[in-house]
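Structure first, commentary second.
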Amino acid sequence: MILSKHEIVPCERCGKRVECKANSYTKCQCSKVQLSLNEIQYVSECFDGCLCADCLLALQEEYREFLKS
């Protein structure tokens with residue numbers, strides 16, 4: 001069993017376990033994905049909870065592809 005001082009939550013999109021560091025945002029894995037304000041709005045319209053960095057990158061790409069079409 002791995003002990004963590006942060007909450008372990010499932011990614012709302014893929015279900016992968018994510019260590020949520022909302023109280024230490026700059027250390028959280030999701031802070032590695034730089035989203036524009038429009039991308040943040042797009043993601044927040046679809047999801048309410050934590051997302052893993054891989055899903056954030058995929059949603060960012062999805063949004064950018066949507067803009068091209």
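Naming works like this for the structure tokens: A, B, ... for the chains as they're shown, residue 1 at the start of each chain, ligands 1 onward in shown order.
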Exercise: Leu67 of chain A partners within 12 Å, only C-alpha atoms, chain neighbours under 4 positions left out, as an mmCIF file with all heavy atoms, in the first residue's frame:
```cif
data_model
loop_
_atom_site.group_PDB
_atom_site.id
_atom_site.type_symbol
_atom_site.label_atom_id
_atom_site.label_comp_id
_atom_site.auth_asym_id
_atom_site.auth_seq_id
_atom_site.Cartn_x
_atom_site.Cartn_y
_atom_site.Cartn_z
ATOM 1 N N ASN A 38 -9.577 29.583 -23.206
ATOM 2 C CA ASN A 38 -10.616 28.919 -24.000
ATOM 3 C C ASN A 38 -10.542 27.403 -23.843
ATOM 4 O O ASN A 38 -11.576 26.735 -23.795
ATOM 5 C CB ASN A 38 -10.488 29.297 -25.475
ATOM 6 C CG ASN A 38 -10.908 30.726 -25.729
ATOM 7 O OD1 ASN A 38 -11.651 31.318 -24.960
ATOM 8 N ND2 ASN A 38 -10.420 31.297 -26.810
ATOM 9 N N GLU A 39 -9.331 26.860 -23.757
ATOM 10 C CA GLU A 39 -9.176 25.419 -23.549
ATOM 11 C C GLU A 39 -9.677 25.006 -22.172
ATOM 12 O O GLU A 39 -10.330 23.966 -22.023
ATOM 13 C CB GLU A 39 -7.716 25.011 -23.748
ATOM 14 C CG GLU A 39 -7.263 25.143 -25.186
ATOM 15 C CD GLU A 39 -5.766 25.091 -25.382
ATOM 16 O OE1 GLU A 39 -4.994 25.228 -24.400
ATOM 17 O OE2 GLU A 39 -5.346 24.933 -26.541
ATOM 18 N N TYR A 42 -13.401 24.910 -22.344
ATOM 19 C CA TYR A 42 -13.830 23.710 -23.080
ATOM 20 C C TYR A 42 -13.798 22.481 -22.168
ATOM 21 O O TYR A 42 -14.761 21.719 -22.121
ATOM 22 C CB TYR A 42 -12.921 23.517 -24.294
ATOM 23 C CG TYR A 42 -13.181 22.266 -25.087
ATOM 24 C CD1 TYR A 42 -14.279 22.176 -25.930
ATOM 25 C CD2 TYR A 42 -12.325 21.175 -24.998
ATOM 26 C CE1 TYR A 42 -14.522 21.030 -26.663
ATOM 27 C CE2 TYR A 42 -12.558 20.025 -25.732
ATOM 28 C CZ TYR A 42 -13.653 19.951 -26.564
ATOM 29 O OH TYR A 42 -13.880 18.815 -27.292
ATOM 30 N N GLN A 60 -6.968 19.036 -25.018
ATOM 31 C CA GLN A 60 -6.393 20.227 -25.636
ATOM 32 C C GLN A 60 -6.293 20.019 -27.155
ATOM 33 O O GLN A 60 -6.673 20.887 -27.932
ATOM 34 C CB GLN A 60 -5.012 20.507 -25.044
ATOM 35 C CG GLN A 60 -4.350 21.740 -25.589
ATOM 36 C CD GLN A 60 -2.970 21.945 -24.981
ATOM 37 O OE1 GLN A 60 -2.141 21.036 -24.987
ATOM 38 N NE2 GLN A 60 -2.748 23.131 -24.441
ATOM 39 N N GLU A 61 -5.810 18.862 -27.565
ATOM 40 C CA GLU A 61 -5.698 18.541 -28.989
ATOM 41 C C GLU A 61 -7.080 18.466 -29.639
ATOM 42 O O GLU A 61 -7.281 18.956 -30.754
ATOM 43 C CB GLU A 61 -4.945 17.221 -29.180
ATOM 44 C CG GLU A 61 -4.725 16.859 -30.612
ATOM 45 C CD GLU A 61 -3.877 17.859 -31.387
ATOM 46 O OE1 GLU A 61 -3.013 18.530 -30.786
ATOM 47 O OE2 GLU A 61 -4.084 17.971 -32.612
ATOM 48 N N GLU A 62 -8.037 17.865 -28.934
ATOM 49 C CA GLU A 62 -9.410 17.774 -29.430
ATOM 50 C C GLU A 62 -9.976 19.172 -29.683
ATOM 51 O O GLU A 62 -10.596 19.426 -30.715
ATOM 52 C CB GLU A 62 -10.254 17.031 -28.401
ATOM 53 C CG GLU A 62 -11.692 16.810 -28.765
ATOM 54 C CD GLU A 62 -12.415 16.055 -27.662
ATOM 55 O OE1 GLU A 62 -12.070 14.885 -27.409
ATOM 56 O OE2 GLU A 62 -13.323 16.657 -27.047
ATOM 57 N N TYR A 63 -9.761 20.074 -28.751
ATOM 58 C CA TYR A 63 -10.248 21.448 -28.892
ATOM 59 C C TYR A 63 -9.578 22.141 -30.076
ATOM 60 O O TYR A 63 -10.238 22.790 -30.871
ATOM 61 C CB TYR A 63 -9.997 22.236 -27.594
ATOM 62 C CG TYR A 63 -10.418 23.682 -27.704
ATOM 63 C CD1 TYR A 63 -11.760 24.041 -27.662
ATOM 64 C CD2 TYR A 63 -9.466 24.696 -27.857
ATOM 65 C CE1 TYR A 63 -12.154 25.362 -27.781
ATOM 66 C CE2 TYR A 63 -9.853 26.016 -27.958
ATOM 67 C CZ TYR A 63 -11.190 26.348 -27.923
ATOM 68 O OH TYR A 63 -11.582 27.648 -28.044
#
```
Please compute the atom CA of Phe47 of chain A-atom CA of Ser69 of chain A distance, one decimal, in Å. 22.6 Å
Which one of A:Ile8, A:Ala53, A:Leu35, A:Leu59 sits closest to Cys20 of chain A if you count only C-alpha atoms? A:Ile8
Expressed in Å to a single decimal, how great is the separation between atom CA of Gly15 of chain A and atom CA of Gln41 of chain A?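 Computing the Euclidean distance for atom CA of Gly15 of chain A and atom CA of Gln41 of chain A yields 21.3 Å.
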If you run DSSP over the backbone, which residues in chain A end up alpha helix (DSSP H)? Put them as a PyMOL selection string. chain A and resi 37-46+53-68
Within chain A, find each residue whose DSSP state, derived from the backbone, is strand (DSSP E or B), and express the selection as a count of residues only. 8
Cys14 of chain A: which residues within 9 Å, counting only C-alpha atoms, same-chain residues fewer than 5 positions away excluded, as a PDB file with N, CA, C and O atoms, in the first residue's frame?
```pdb
ATOM      1  N   LEU A  51      -8.550  15.529 -13.790  1.00  0.00           N
ATOM      2  CA  LEU A  51      -8.169  14.824 -15.006  1.00  0.00           C
ATOM      3  C   LEU A  51      -6.667  14.602 -14.980  1.00  0.00           C
ATOM      4  O   LEU A  51      -5.919  15.447 -14.491  1.00  0.00           O
ATOM      5  N   CYS A  52      -6.231  13.476 -15.529  1.00  0.00           N
ATOM      6  CA  CYS A  52      -4.795  13.225 -15.611  1.00  0.00           C
ATOM      7  C   CYS A  52      -4.190  14.090 -16.713  1.00  0.00           C
ATOM      8  O   CYS A  52      -4.902  14.612 -17.584  1.00  0.00           O
ATOM      9  N   CYS A  55      -5.022  12.995 -20.313  1.00  0.00           N
ATOM     10  CA  CYS A  55      -6.357  13.382 -20.775  1.00  0.00           C
ATOM     11  C   CYS A  55      -6.434  14.877 -21.047  1.00  0.00           C
ATOM     12  O   CYS A  55      -7.094  15.302 -22.006  1.00  0.00           O
TER      13      CYS A  55
END
```
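For the atom pair formed by atom CA of Asp54 of chain A and atom CA of Cys11 of chain A, the distance is 9.8 Å, given to one decimal.
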Which is closer to Cys46 of chain A than all the others in A:Arg13, A:Gln34, A:Arg64, A:Gln29, using only C-alpha atoms?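 Smallest distance to Cys46 of chain A is found for A:Arg13.
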